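run-v1.cif (mmCIF, C-alpha atoms and all ligand atoms)
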```
data_work
#
loop_
_atom_site.label_atom_id
_atom_site.label_comp_id
_atom_site.auth_asym_id
_atom_site.auth_seq_id
_atom_site.Cartn_x
_atom_site.Cartn_y
_atom_site.Cartn_z
CA MET Q 105 -55.72 -41.96 137.12
CA ASP Q 106 -53.60 -39.45 139.01
CA LYS Q 107 -50.12 -39.61 137.38
CA GLY Q 108 -48.49 -38.09 140.47
CA LEU Q 109 -49.88 -40.85 142.68
CA LEU Q 110 -48.89 -43.45 140.07
CA GLN Q 111 -45.24 -42.39 140.21
CA LYS Q 112 -45.39 -42.26 144.03
CA TYR Q 113 -46.80 -45.79 144.04
CA ALA Q 114 -44.02 -47.03 141.70
CA ASP Q 115 -41.26 -45.24 143.67
CA PHE Q 116 -42.58 -46.51 146.98
CA ILE Q 117 -42.86 -50.11 145.72
CA VAL Q 118 -39.33 -50.19 144.31
CA LYS Q 119 -37.48 -48.19 146.97
CA VAL Q 120 -39.33 -49.33 150.11
CA GLY Q 121 -41.32 -52.43 149.09
CA VAL Q 122 -38.45 -54.23 147.30
CA ASN Q 123 -35.80 -51.85 148.66
CA VAL Q 124 -33.51 -52.35 145.65
CA GLN Q 125 -29.87 -52.08 146.78
CA PRO Q 126 -27.11 -50.43 144.74
CA GLY Q 127 -25.45 -53.00 142.47
CA GLN Q 128 -28.34 -55.50 142.66
CA ALA Q 129 -30.26 -56.74 139.63
CA LEU Q 130 -34.05 -56.54 139.72
CA ILE Q 131 -36.27 -59.18 138.13
CA LEU Q 132 -39.50 -57.38 137.31
CA ARG Q 133 -42.57 -59.34 136.21
CA CYS Q 134 -45.34 -57.16 134.81
CA PRO Q 135 -48.62 -57.70 132.92
CA ILE Q 136 -48.22 -56.53 129.33
CA LEU Q 137 -51.24 -54.25 129.81
CA GLY Q 138 -49.34 -52.45 132.56
CA ALA Q 139 -46.28 -51.64 130.43
CA GLU Q 140 -46.33 -47.98 131.44
CA PHE Q 141 -46.25 -48.92 135.10
CA GLY Q 142 -43.53 -51.51 134.42
CA ARG Q 143 -41.35 -48.80 132.91
CA ALA Q 144 -42.05 -46.48 135.88
CA CYS Q 145 -40.81 -49.23 138.22
CA MET Q 146 -37.78 -49.85 136.02
CA ARG Q 147 -36.88 -46.14 136.15
CA ALA Q 148 -37.23 -46.14 139.95
CA ALA Q 149 -34.97 -49.22 140.21
CA PHE Q 150 -32.19 -47.59 138.20
CA GLU Q 151 -32.56 -44.46 140.35
CA ALA Q 152 -32.06 -46.69 143.39
CA GLY Q 153 -28.78 -47.95 141.89
CA ALA Q 154 -29.83 -51.26 140.30
CA ARG Q 155 -27.06 -52.59 138.04
CA ASP Q 156 -29.68 -54.09 135.71
CA VAL Q 157 -33.43 -54.67 135.44
CA LEU Q 158 -34.78 -57.78 133.75
CA LEU Q 159 -38.30 -56.80 132.71
CA ARG Q 160 -40.54 -59.77 131.87
CA TYR Q 161 -43.88 -58.84 130.37
CA GLU Q 162 -46.60 -61.42 130.85
CA ASP Q 163 -49.71 -61.84 128.73
CA GLU Q 164 -52.50 -63.84 130.38
CA GLN Q 165 -54.48 -64.13 127.12
CA ALA Q 166 -51.45 -65.78 125.56
CA ALA Q 167 -51.03 -67.93 128.67
CA ARG Q 168 -54.62 -69.12 128.23
CA LEU Q 169 -54.08 -69.87 124.56
CA ARG Q 170 -50.96 -71.85 125.39
CA MET Q 171 -52.68 -73.73 128.24
CA ASP Q 172 -55.45 -74.67 125.80
CA LYS Q 173 -53.42 -75.53 122.71
CA ALA Q 174 -49.94 -76.65 123.76
CA SER Q 175 -49.42 -80.35 124.50
CA GLU Q 176 -49.55 -81.38 128.12
CA GLU Q 177 -46.14 -82.97 127.58
CA ALA Q 178 -44.64 -79.58 126.67
CA LEU Q 179 -46.48 -77.71 129.43
CA THR Q 180 -45.45 -80.12 132.19
CA HIS Q 181 -41.79 -80.13 131.14
CA PRO Q 182 -40.50 -76.56 131.42
CA MET Q 183 -37.07 -75.98 129.88
CA PRO Q 184 -34.10 -75.79 132.25
CA SER Q 185 -33.33 -72.37 130.74
CA GLU Q 186 -36.46 -71.02 132.39
CA LEU Q 187 -35.28 -71.98 135.86
CA ARG Q 188 -31.72 -70.89 135.03
CA SER Q 189 -32.95 -67.45 133.93
CA TYR Q 190 -33.81 -66.80 137.59
CA LEU Q 191 -30.98 -68.75 139.22
CA ASP Q 192 -28.31 -67.14 137.01
CA TYR Q 193 -29.30 -63.75 138.40
CA ALA Q 194 -29.66 -65.05 141.95
CA GLU Q 195 -26.17 -66.56 141.87
CA SER Q 196 -24.57 -63.57 140.14
CA GLU Q 197 -22.31 -61.08 141.87
CA GLY Q 198 -24.39 -58.33 143.46
CA GLY Q 199 -27.35 -60.71 143.65
CA VAL Q 200 -30.95 -60.14 142.77
CA CYS Q 201 -34.28 -58.91 144.11
CA VAL Q 202 -37.76 -59.47 142.71
CA LEU Q 203 -40.85 -57.42 142.00
CA ASN Q 204 -43.92 -59.33 140.90
CA ILE Q 205 -46.81 -57.22 139.57
CA ARG Q 206 -50.02 -59.30 139.50
CA ALA Q 207 -53.29 -58.35 137.85
CA ASP Q 208 -54.89 -61.67 136.97
CA ASP Q 209 -58.32 -62.09 135.47
CA PRO Q 210 -59.73 -64.38 138.21
CA GLU Q 211 -61.45 -66.56 135.61
CA ILE Q 212 -58.82 -66.56 132.87
CA TYR Q 213 -58.89 -70.36 132.56
CA LYS Q 214 -62.66 -70.76 132.84
CA GLY Q 215 -63.98 -73.51 130.57
CA LEU Q 216 -60.57 -75.16 130.03
CA ASP Q 217 -59.70 -78.65 131.26
CA ALA Q 218 -59.23 -78.00 134.99
CA GLY Q 219 -57.33 -81.28 135.47
CA LYS Q 220 -54.76 -80.30 132.86
CA ILE Q 221 -54.32 -76.81 134.37
CA HIS Q 222 -53.80 -78.37 137.74
CA ARG Q 223 -51.22 -80.90 136.53
CA VAL Q 224 -49.37 -78.18 134.61
CA ASN Q 225 -49.27 -75.85 137.61
CA VAL Q 226 -48.10 -78.58 139.99
CA ALA Q 227 -45.37 -79.65 137.53
CA ARG Q 228 -44.27 -76.06 137.06
CA ARG Q 229 -44.13 -75.28 140.77
CA THR Q 230 -42.19 -78.46 141.44
CA PHE Q 231 -39.73 -77.59 138.68
CA MET Q 232 -39.29 -73.97 139.84
CA ARG Q 233 -38.75 -74.93 143.49
CA PRO Q 234 -35.02 -74.16 143.63
CA TRP Q 235 -35.89 -70.59 142.70
CA GLN Q 236 -38.96 -70.44 144.96
CA GLU Q 237 -36.68 -71.27 147.92
CA TYR Q 238 -35.09 -67.84 147.47
CA THR Q 239 -38.35 -66.10 148.31
CA MET Q 240 -39.85 -68.65 150.72
CA LYS Q 241 -36.70 -68.33 152.85
CA ASP Q 242 -36.26 -64.57 152.36
CA LYS Q 243 -32.83 -65.17 150.83
CA VAL Q 244 -33.56 -62.18 148.57
CA GLN Q 245 -35.88 -59.17 148.87
CA TRP Q 246 -39.18 -59.82 147.09
CA CYS Q 247 -42.42 -57.92 146.75
CA VAL Q 248 -45.83 -58.66 145.21
CA VAL Q 249 -48.11 -55.76 144.21
CA SER Q 250 -51.05 -55.23 141.86
CA ILE Q 251 -52.23 -52.81 139.20
CA PRO Q 252 -55.62 -52.78 137.48
CA THR Q 253 -56.20 -54.44 134.13
CA PRO Q 254 -59.60 -54.28 132.36
CA ALA Q 255 -60.45 -57.96 133.01
CA TRP Q 256 -59.57 -57.82 136.71
CA ALA Q 257 -61.28 -54.42 137.18
CA ALA Q 258 -64.45 -55.80 135.52
CA ALA Q 259 -64.54 -58.64 138.08
CA VAL Q 260 -64.25 -56.17 141.00
CA TYR Q 261 -66.68 -53.59 139.53
CA PRO Q 262 -69.09 -55.59 137.35
CA GLY Q 263 -71.55 -52.67 137.17
CA LEU Q 264 -69.14 -50.12 135.65
CA ALA Q 265 -68.02 -49.46 132.07
CA PRO Q 266 -64.51 -50.86 131.41
CA ASP Q 267 -62.70 -47.49 131.62
CA GLU Q 268 -64.56 -46.48 134.75
CA ALA Q 269 -63.84 -49.83 136.38
CA VAL Q 270 -60.09 -49.44 135.79
CA GLU Q 271 -60.18 -45.87 137.18
CA ALA Q 272 -62.18 -47.00 140.22
CA LEU Q 273 -59.74 -49.85 140.90
CA TRP Q 274 -56.73 -47.52 140.68
CA ASP Q 275 -58.44 -45.25 143.17
CA THR Q 276 -59.11 -48.16 145.52
CA ILE Q 277 -55.56 -49.50 145.23
CA PHE Q 278 -54.13 -46.07 146.04
CA ALA Q 279 -56.47 -45.86 149.05
CA VAL Q 280 -55.86 -49.31 150.58
CA CYS Q 281 -52.12 -49.19 149.81
CA ARG Q 282 -51.82 -45.88 151.74
CA VAL Q 283 -50.66 -43.94 148.68
CA LYS Q 284 -53.62 -41.58 148.53
CA GLY Q 285 -52.45 -39.40 151.41
CA GLY Q 286 -49.50 -38.44 149.21
CA ASP Q 287 -46.74 -39.74 151.48
CA PRO Q 288 -46.75 -43.56 151.32
CA VAL Q 289 -43.27 -43.79 152.86
CA ALA Q 290 -44.34 -42.06 156.09
CA ALA Q 291 -47.71 -43.86 156.17
CA TRP Q 292 -45.98 -47.24 155.82
CA ARG Q 293 -43.34 -46.43 158.41
CA GLN Q 294 -46.16 -45.92 160.90
CA HIS Q 295 -48.11 -49.00 159.72
CA THR Q 296 -45.09 -51.32 159.88
CA ALA Q 297 -44.13 -50.01 163.34
CA GLN Q 298 -47.63 -50.80 164.62
CA THR Q 299 -47.67 -54.27 163.04
CA THR Q 300 -44.18 -55.04 164.34
CA ALA Q 301 -45.24 -54.10 167.88
CA ARG Q 302 -48.21 -56.48 167.64
CA ARG Q 303 -45.99 -59.26 166.26
CA ASP Q 304 -43.57 -58.77 169.18
CA ARG Q 305 -46.38 -58.96 171.74
CA LEU Q 306 -47.65 -62.20 170.21
CA ASN Q 307 -44.15 -63.68 170.21
CA ALA Q 308 -43.75 -62.74 173.88
CA LEU Q 309 -46.86 -64.83 174.75
CA ASP Q 310 -45.07 -68.00 173.57
CA LEU Q 311 -48.31 -69.67 172.47
CA ALA Q 312 -48.87 -73.40 172.02
CA SER Q 313 -52.15 -73.11 170.12
CA ILE Q 314 -54.79 -70.76 168.76
CA HIS Q 315 -58.55 -71.25 168.74
CA LEU Q 316 -60.83 -69.61 166.16
CA ALA Q 317 -64.61 -69.45 166.66
CA SER Q 318 -67.42 -67.84 164.75
CA ALA Q 319 -71.24 -68.10 164.61
CA ASN Q 320 -70.99 -69.53 161.06
CA GLY Q 321 -69.78 -72.83 162.55
CA THR Q 322 -66.02 -72.26 162.56
CA ASP Q 323 -64.52 -73.99 165.59
CA LEU Q 324 -60.88 -74.65 164.87
CA THR Q 325 -57.89 -75.35 167.08
CA VAL Q 326 -54.51 -74.71 165.47
CA GLY Q 327 -51.51 -76.07 167.35
CA LEU Q 328 -48.39 -74.10 166.46
CA ALA Q 329 -45.14 -75.58 165.14
CA GLU Q 330 -42.20 -76.05 167.52
CA GLY Q 331 -40.32 -72.75 167.69
CA ALA Q 332 -43.07 -70.96 165.76
CA VAL Q 333 -42.59 -67.21 165.43
CA TRP Q 334 -45.03 -64.55 164.29
CA GLU Q 335 -44.08 -62.31 161.40
CA GLY Q 336 -45.72 -59.26 159.91
CA ALA Q 337 -45.47 -56.38 157.44
CA ALA Q 338 -41.70 -56.00 157.02
CA SER Q 339 -39.08 -58.72 156.53
CA VAL Q 340 -35.29 -58.68 156.33
CA ALA Q 341 -33.40 -60.49 153.53
CA GLN Q 342 -30.09 -62.32 153.93
CA ASN Q 343 -28.20 -59.19 152.80
CA GLY Q 344 -29.77 -57.24 155.70
CA ALA Q 345 -32.11 -55.16 153.52
CA ALA Q 346 -35.61 -54.65 154.96
CA PHE Q 347 -38.49 -55.19 152.52
CA ILE Q 348 -42.28 -55.55 152.42
CA PRO Q 349 -43.21 -58.87 150.75
CA ASN Q 350 -46.85 -57.94 150.08
CA ILE Q 351 -48.39 -54.55 149.37
CA PRO Q 352 -50.96 -54.17 150.79
CA THR Q 353 -50.36 -56.17 153.97
CA GLU Q 354 -52.40 -56.14 157.17
CA GLU Q 355 -51.57 -59.58 158.55
CA VAL Q 356 -49.54 -61.00 161.40
CA PHE Q 357 -48.87 -64.68 160.61
CA THR Q 358 -47.26 -67.81 161.97
CA ALA Q 359 -46.63 -71.50 161.28
CA PRO Q 360 -49.19 -74.11 162.41
CA HIS Q 361 -47.96 -77.57 163.36
CA LYS Q 362 -48.84 -79.80 160.41
CA ASP Q 363 -50.24 -82.56 162.67
CA ARG Q 364 -52.00 -80.44 165.30
CA VAL Q 365 -54.97 -78.83 163.57
CA ASN Q 366 -58.44 -80.02 164.60
CA GLY Q 367 -62.02 -78.88 164.02
CA VAL Q 368 -64.13 -77.18 161.37
CA VAL Q 369 -63.49 -73.98 159.45
CA ARG Q 370 -65.69 -72.18 156.95
CA GLY Q 371 -64.57 -69.96 154.11
CA THR Q 372 -65.90 -66.42 154.39
CA LYS Q 373 -64.86 -65.08 150.97
CA PRO Q 374 -64.64 -66.68 147.54
CA TYR Q 375 -61.14 -67.24 146.26
CA ALA Q 376 -59.65 -67.62 142.82
CA TYR Q 377 -57.58 -70.73 142.20
CA ASN Q 378 -56.10 -71.80 138.86
CA GLY Q 379 -58.29 -69.29 137.04
CA GLU Q 380 -61.59 -70.32 138.63
CA VAL Q 381 -63.47 -69.22 141.77
CA ILE Q 382 -64.19 -71.47 144.78
CA GLU Q 383 -67.03 -70.28 147.02
CA GLY Q 384 -68.74 -71.20 150.30
CA PHE Q 385 -66.37 -73.94 151.41
CA SER Q 386 -66.15 -75.85 154.67
CA VAL Q 387 -63.31 -78.13 155.73
CA THR Q 388 -62.88 -80.46 158.70
CA PHE Q 389 -59.43 -81.23 160.10
CA LYS Q 390 -58.31 -84.21 162.14
CA ASP Q 391 -54.71 -84.27 163.42
CA GLY Q 392 -53.69 -81.74 160.80
CA ARG Q 393 -55.30 -83.40 157.77
CA VAL Q 394 -58.43 -82.32 155.96
CA VAL Q 395 -60.75 -85.31 156.34
CA GLU Q 396 -63.87 -83.70 154.86
CA HIS Q 397 -64.52 -80.82 152.51
CA SER Q 398 -67.41 -79.21 150.67
CA ALA Q 399 -68.01 -76.04 148.67
CA GLU Q 400 -71.10 -74.41 147.20
CA LYS Q 401 -69.16 -73.62 144.05
CA ASN Q 402 -66.28 -75.65 142.56
CA ASP Q 403 -66.01 -78.30 145.28
CA ALA Q 404 -64.27 -80.62 142.80
CA LEU Q 405 -61.61 -77.96 142.24
CA LEU Q 406 -61.14 -77.64 146.00
CA GLY Q 407 -60.76 -81.42 146.16
CA ARG Q 408 -58.10 -81.32 143.45
CA LEU Q 409 -56.25 -78.52 145.27
CA LEU Q 410 -56.23 -80.57 148.49
CA ALA Q 411 -54.91 -83.61 146.60
CA SER Q 412 -52.03 -81.74 144.88
CA ASP Q 413 -49.47 -83.62 146.98
CA ALA Q 414 -49.12 -85.08 150.47
CA GLY Q 415 -48.90 -81.66 152.17
CA ALA Q 416 -51.71 -79.90 150.30
CA CYS Q 417 -54.43 -81.13 152.69
CA ARG Q 418 -52.58 -79.63 155.68
CA ILE Q 419 -51.97 -75.97 156.49
CA GLY Q 420 -48.72 -74.03 156.48
CA GLU Q 421 -49.90 -70.60 157.62
CA LEU Q 422 -52.29 -68.99 160.08
CA ALA Q 423 -52.72 -65.23 159.66
CA LEU Q 424 -54.62 -62.73 161.79
CA VAL Q 425 -56.22 -59.72 160.10
CA PRO Q 426 -58.73 -57.42 161.82
CA ALA Q 427 -62.16 -56.89 160.23
CA SER Q 428 -61.40 -53.14 160.25
CA SER Q 429 -58.53 -53.53 157.74
CA PRO Q 430 -58.81 -50.94 154.93
CA ILE Q 431 -59.25 -53.76 152.41
CA ASN Q 432 -62.22 -55.20 154.28
CA ARG Q 433 -63.68 -51.74 154.91
CA SER Q 434 -63.67 -51.10 151.15
CA GLY Q 435 -66.52 -53.64 151.07
CA LEU Q 436 -65.14 -55.03 147.81
CA LEU Q 437 -64.33 -58.53 146.77
CA PHE Q 438 -61.10 -58.42 144.76
CA TYR Q 439 -60.89 -62.04 143.53
CA ASN Q 440 -57.16 -61.47 144.04
CA THR Q 441 -55.52 -63.17 147.01
CA LEU Q 442 -53.08 -60.32 147.59
CA PHE Q 443 -56.03 -58.10 148.49
CA ASP Q 444 -58.63 -60.55 149.79
CA GLU Q 445 -56.20 -62.24 152.20
CA ASN Q 446 -55.68 -58.84 153.81
CA ALA Q 447 -59.40 -58.42 154.41
CA ALA Q 448 -59.79 -61.39 156.77
CA CYS Q 449 -58.02 -63.91 158.96
CA HIS Q 450 -56.81 -66.75 156.75
CA ILE Q 451 -55.14 -70.12 156.64
CA ALA Q 452 -53.02 -71.43 153.79
CA PHE Q 453 -53.26 -74.94 152.44
CA GLY Q 454 -49.78 -76.24 151.64
CA ALA Q 455 -46.26 -75.09 152.42
CA GLY Q 456 -45.32 -73.13 155.52
CA TYR Q 457 -42.66 -70.41 155.54
CA PRO Q 458 -39.33 -71.47 157.10
CA ILE Q 459 -39.04 -67.86 158.39
CA ASN Q 460 -41.99 -68.67 160.71
CA ILE Q 461 -39.70 -71.06 162.64
CA ARG Q 462 -37.00 -69.58 164.87
CA GLY Q 463 -33.76 -69.74 162.83
CA GLY Q 464 -35.75 -71.59 160.16
CA ALA Q 465 -34.01 -70.17 157.08
CA ALA Q 466 -30.85 -72.07 158.12
CA LEU Q 467 -32.62 -75.36 158.94
CA SER Q 468 -32.69 -78.40 156.66
CA ARG Q 469 -35.96 -79.77 155.29
CA ALA Q 470 -35.74 -82.66 157.78
CA GLU Q 471 -35.30 -80.23 160.69
CA LEU Q 472 -38.24 -78.13 159.50
CA ASN Q 473 -40.36 -81.29 159.23
CA ALA Q 474 -39.40 -82.27 162.76
CA ALA Q 475 -40.56 -78.85 163.97
CA GLY Q 476 -43.93 -79.53 162.30
CA LEU Q 477 -43.62 -77.09 159.40
CA ASN Q 478 -45.76 -78.26 156.50
CA ASP Q 479 -44.30 -78.87 153.05
CA SER Q 480 -46.05 -78.84 149.67
CA VAL Q 481 -45.72 -77.42 146.16
CA ILE Q 482 -48.80 -75.26 146.82
CA HIS Q 483 -49.43 -72.36 149.18
CA GLU Q 484 -53.04 -71.19 148.86
CA ASP Q 485 -54.46 -68.59 151.24
CA VAL Q 486 -58.16 -68.99 151.99
CA MET Q 487 -60.17 -66.46 153.97
CA VAL Q 488 -61.90 -67.65 157.13
CA GLY Q 489 -62.19 -64.49 159.27
CA SER Q 490 -65.55 -62.89 160.07
CA ALA Q 491 -66.85 -59.79 161.83
CA ASP Q 492 -67.84 -61.83 164.90
CA MET Q 493 -64.69 -63.93 165.11
CA ARG Q 494 -63.29 -64.65 168.55
CA ILE Q 495 -59.71 -65.85 168.81
CA THR Q 496 -57.96 -67.07 171.91
CA GLY Q 497 -54.47 -68.37 172.44
CA LYS Q 498 -53.26 -70.99 174.86
CA THR Q 499 -49.79 -70.40 176.28
CA LYS Q 500 -47.32 -73.22 176.91
CA THR Q 501 -48.10 -72.86 180.61
CA GLY Q 502 -51.82 -73.47 179.96
CA GLU Q 503 -53.09 -69.91 180.28
CA THR Q 504 -55.82 -68.67 177.90
CA VAL Q 505 -55.33 -65.21 176.35
CA LEU Q 506 -57.99 -63.29 174.42
CA ILE Q 507 -56.52 -62.15 171.08
CA PHE Q 508 -59.49 -61.17 168.89
CA GLU Q 509 -63.03 -60.22 169.88
CA ASN Q 510 -65.72 -59.38 167.33
CA GLY Q 511 -63.17 -59.59 164.56
CA GLU Q 512 -60.79 -57.05 166.13
CA TRP Q 513 -57.52 -57.13 168.01
CA ALA Q 514 -58.32 -57.42 171.72
CA PHE Q 515 -54.87 -57.12 173.23
ZN ZN S 1 -50.98 -64.61 154.71
ZN ZN S 2 -50.05 -66.99 152.57
#
```
Encoding of this model in structure tokens:
Amino acid sequence: MDKGLLQKYADFIVKVGVNVQPGQALILRCPILGAEFGRACMRAAFEAGARDVLLRYEDEQAARLRMDKASEEALTHPMPSELRSYLDYAESEGGVCVLNIRADDPEIYKGLDAGKIHRVNVARRTFMRPWQEYTMKDKVQWCVVSIPTPAWAAAVYPGLAPDEAVEALWDTIFAVCRVKGGDPVAAWRQHTAQTTARRDRLNALDLASIHLASANGTDLTVGLAEGAVWEGAASVAQNGAAFIPNIPTEEVFTAPHKDRVNGVVRGTKPYAYNGEVIEGFSVTFKDGRVVEHSAEKNDALLGRLLASDAGACRIGELALVPASSPINRSGLLFYNTLFDENAACHIAFGAGYPINIRGGAALSRAELNAAGLNDSVIHEDVMVGSADMRITGKTKTGETVLIFENGEWAF
């Protein structure tokens, strides 16, 4: 891969994506196979004035071994020190920001006891919630990005030799993350300005609900939460620093009302959940709840996902992404939500983002509930957009506005 672009990618991620502030600590999670990239990000963080970088290498092969061999008792009872290792930094003087580098093999847990994996993940998420609040509420700057690993690259390019697949995936990541032109900072300034303008126009409409329709049978009405606001591309943390939570990002998203979703929606891309792939799903909603579901592949896994807790069978996010997004135009299936969710309109089963409610970061859980924001330990984005999708919005005064036609922005 092009070393010059690699350094540009690392610099851009740390200085613009996370926007590390002088005196802050950076928690950096990185796949062990991407150690070189992890160090490049660490270097960039110190250049930006970080007081310290906590680099956590993660090994998914070891994670699989542990999931298989360790007792469920041990796996579902994480040690307090694990949660404290994040909170100690978050509560420290100067504060913290987070960079999460993901490169999961989409089928890393294939063949293991799916029930156990599910129980372990739910227990872990529940336990880590006090830390998760920091990112869900944008209390700190956070950013999720990806780099190729052989297992992930092989899933995206099954026809290529391992080395070629990794090279091809680097090339694609540089292209869809706007690094290839050589000036990602300028390219992203333009992209975020455009997305922000679209977000502002949607907010000005003051919509009560959104309707999604497609020839595949999708016919879904999503009522929006009280005080719902649209967000997109760039966010601002409590310390005033702007950051980009996801790279790439092509979405403008808002909070559905947890009790006001009705109709049928079909999945248009497979998605990886708990190390397995769910494909060809269809779900029916009644007053916000999924009352029926099916999937061509791994329907039982979908059922388990929806039964994670009381809020898992309701949605917490609705995101609009045009079919012409660079990720969709690549024609690839990434089996990685960070990429696939930016190829199509999506909904997320589970928790909504408090930032999608006006003033939401300062509201209590009870106030967020009253506004209709969904709550759950899971947040799983599933792709439902298609090239023929038509989306309309209904304003609070009863007017209908065309938002998407043939999968593209229409206003
Ligand atoms: Zn999204
Ligand atoms: Zn999401």
Which neighbours of stretch 354-358 of chain Q fall inside 6 Å, counting all atoms listed in the file, when residues of the same chain fewer than 5 positions from it are skipped, and could you give them as a PDB file with C-alpha atoms, in the coordinates of the input?
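As written to disk, selection36.pdb reads:
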```
ATOM      1  CA  VAL Q 333     -42.590 -67.210 165.430  1.00  0.00           C
ATOM      2  CA  TRP Q 334     -45.030 -64.550 164.290  1.00  0.00           C
ATOM      3  CA  GLU Q 335     -44.080 -62.310 161.400  1.00  0.00           C
ATOM      4  CA  GLY Q 336     -45.720 -59.260 159.910  1.00  0.00           C
ATOM      5  CA  GLU Q 421     -49.900 -70.600 157.620  1.00  0.00           C
ATOM      6  CA  LEU Q 422     -52.290 -68.990 160.080  1.00  0.00           C
ATOM      7  CA  ALA Q 423     -52.720 -65.230 159.660  1.00  0.00           C
ATOM      8  CA  LEU Q 424     -54.620 -62.730 161.790  1.00  0.00           C
ATOM      9  CA  VAL Q 425     -56.220 -59.720 160.100  1.00  0.00           C
ATOM     10  CA  ASN Q 446     -55.680 -58.840 153.810  1.00  0.00           C
ATOM     11  CA  ASN Q 460     -41.990 -68.670 160.710  1.00  0.00           C
TER      12      ASN Q 460
END
```
> Do you have the atom CA of Q:Ala279-atom CA of Q:Leu264 distance handy?
Replying inline: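 Going from atom CA of Q:Ala279 over to atom CA of Q:Leu264 covers 18.9 Å.
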> Do you know which residues are at most 9 Å from Q:Tyr113 counting only C-alpha atoms, after dropping those on the same chain fewer than 3 positions away, and could you put them as a PyMOL selection string?
Replying inline: chain Q and resi 108-110+116-118+278+281+283+288
Can you build me a table of stretch 235-354 of chain Q residues sitting at most 10 Å from stretch 193-211 of chain Q, with the closest atom pair per residue and its distance in Å to one decimal, using only C-alpha atoms, sorted by chain and residue number, as CSV?
```
residue,atom,partner,partner_atom,distance
Q:Trp235,CA,Q:Ala194,CA,8.4
Q:Tyr238,CA,Q:Ala194,CA,8.2
Q:Thr239,CA,Q:Val202,CA,8.7
Q:Lys243,CA,Q:Cys201,CA,9.3
Q:Val244,CA,Q:Cys201,CA,5.6
Q:Gln245,CA,Q:Cys201,CA,5.0
Q:Trp246,CA,Q:Val202,CA,4.6
Q:Cys247,CA,Q:Leu203,CA,5.0
Q:Val248,CA,Q:Asn204,CA,4.8
Q:Val249,CA,Q:Ile205,CA,5.0
Q:Ser250,CA,Q:Arg206,CA,4.8
Q:Ile251,CA,Q:Ala207,CA,5.8
Q:Pro252,CA,Q:Ala207,CA,6.0
Q:Thr253,CA,Q:Ala207,CA,6.1
Q:Pro254,CA,Q:Asp209,CA,8.5
Q:Ala255,CA,Q:Asp209,CA,5.3
Q:Trp256,CA,Q:Asp209,CA,4.6
Q:Ala257,CA,Q:Asp209,CA,8.4
Q:Ala258,CA,Q:Asp209,CA,8.8
Q:Ala259,CA,Q:Pro210,CA,7.5
Q:Val260,CA,Q:Pro210,CA,9.8
Q:Ala341,CA,Q:Cys201,CA,9.6
Q:Asn343,CA,Q:Gly199,CA,9.3
Q:Pro349,CA,Q:Leu203,CA,9.2
Q:Asn350,CA,Q:Asn204,CA,9.7
```
>> Can you pull out the residues contacting stretch 322-328 of chain Q? Cut-off 8 Å, using all atoms listed in the file, and skip same-chain residues under 4 positions away; I want them as an NGL selection string.
In response: :Q and (311-318 or 332 or 358-361 or 364-370)
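Each of Q:Lys362, Q:Asn478, Q:Met171, Q:Met487 was compared to Q:Ser386 using only C-alpha atoms, and Q:Met487 turns out to be the nearest.
The smallest atom-to-atom distance between Q:Ile451 and any of Q:Glu164, Q:Ser468, Q:Gly420, Q:Ala427, using all atoms listed in the file, is found for Q:Gly420.
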> Residues at most 7 Å from Q:Ala416, counting only C-alpha atoms, excluding those fewer than 3 positions away in the same chain, as a list of chain:residue names?
Replying inline: Q:Leu409, Q:Leu410, Q:Ala411, Q:Ser412, Q:Asp413, Q:Phe453, Q:Gly454, Q:Ser480, Q:Ile482
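Across Q:Gly384, Q:Gly502, Q:Gly379, Q:Gly456, the tightest approach to ligand ZN 2 (chain S) is made by Q:Gly456 when counting all atoms listed in the file.
With all atoms listed in the file counted, the chains near ligand ZN 2 (chain S) contribute these residues within 7 Å: Q:Glu421, Q:Ala452, Q:His483, Q:Glu484, Q:Asp485.
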> Which protein, DNA or RNA residues are at most 12 Å from (-62.3, -45.7, 142.4) in the file's coordinates when you count only C-alpha atoms, listed as a PyMOL selection string?
Replying inline: chain Q and resi 105-106+252+257+260-261+264+267-280+284+434+436
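Distances to ligand ZN 1 (chain S) were evaluated for Q:Ala475, Q:Val481, Q:Leu406, Q:Val486 using all atoms listed in the file, and the minimum falls at Q:Val486.
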> Between atom CA of Q:Ile419 and atom CA of Q:Phe508, what is the spacing in Å?
Replying inline: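 Atom CA of Q:Ile419 lies 20.7 Å from atom CA of Q:Phe508.
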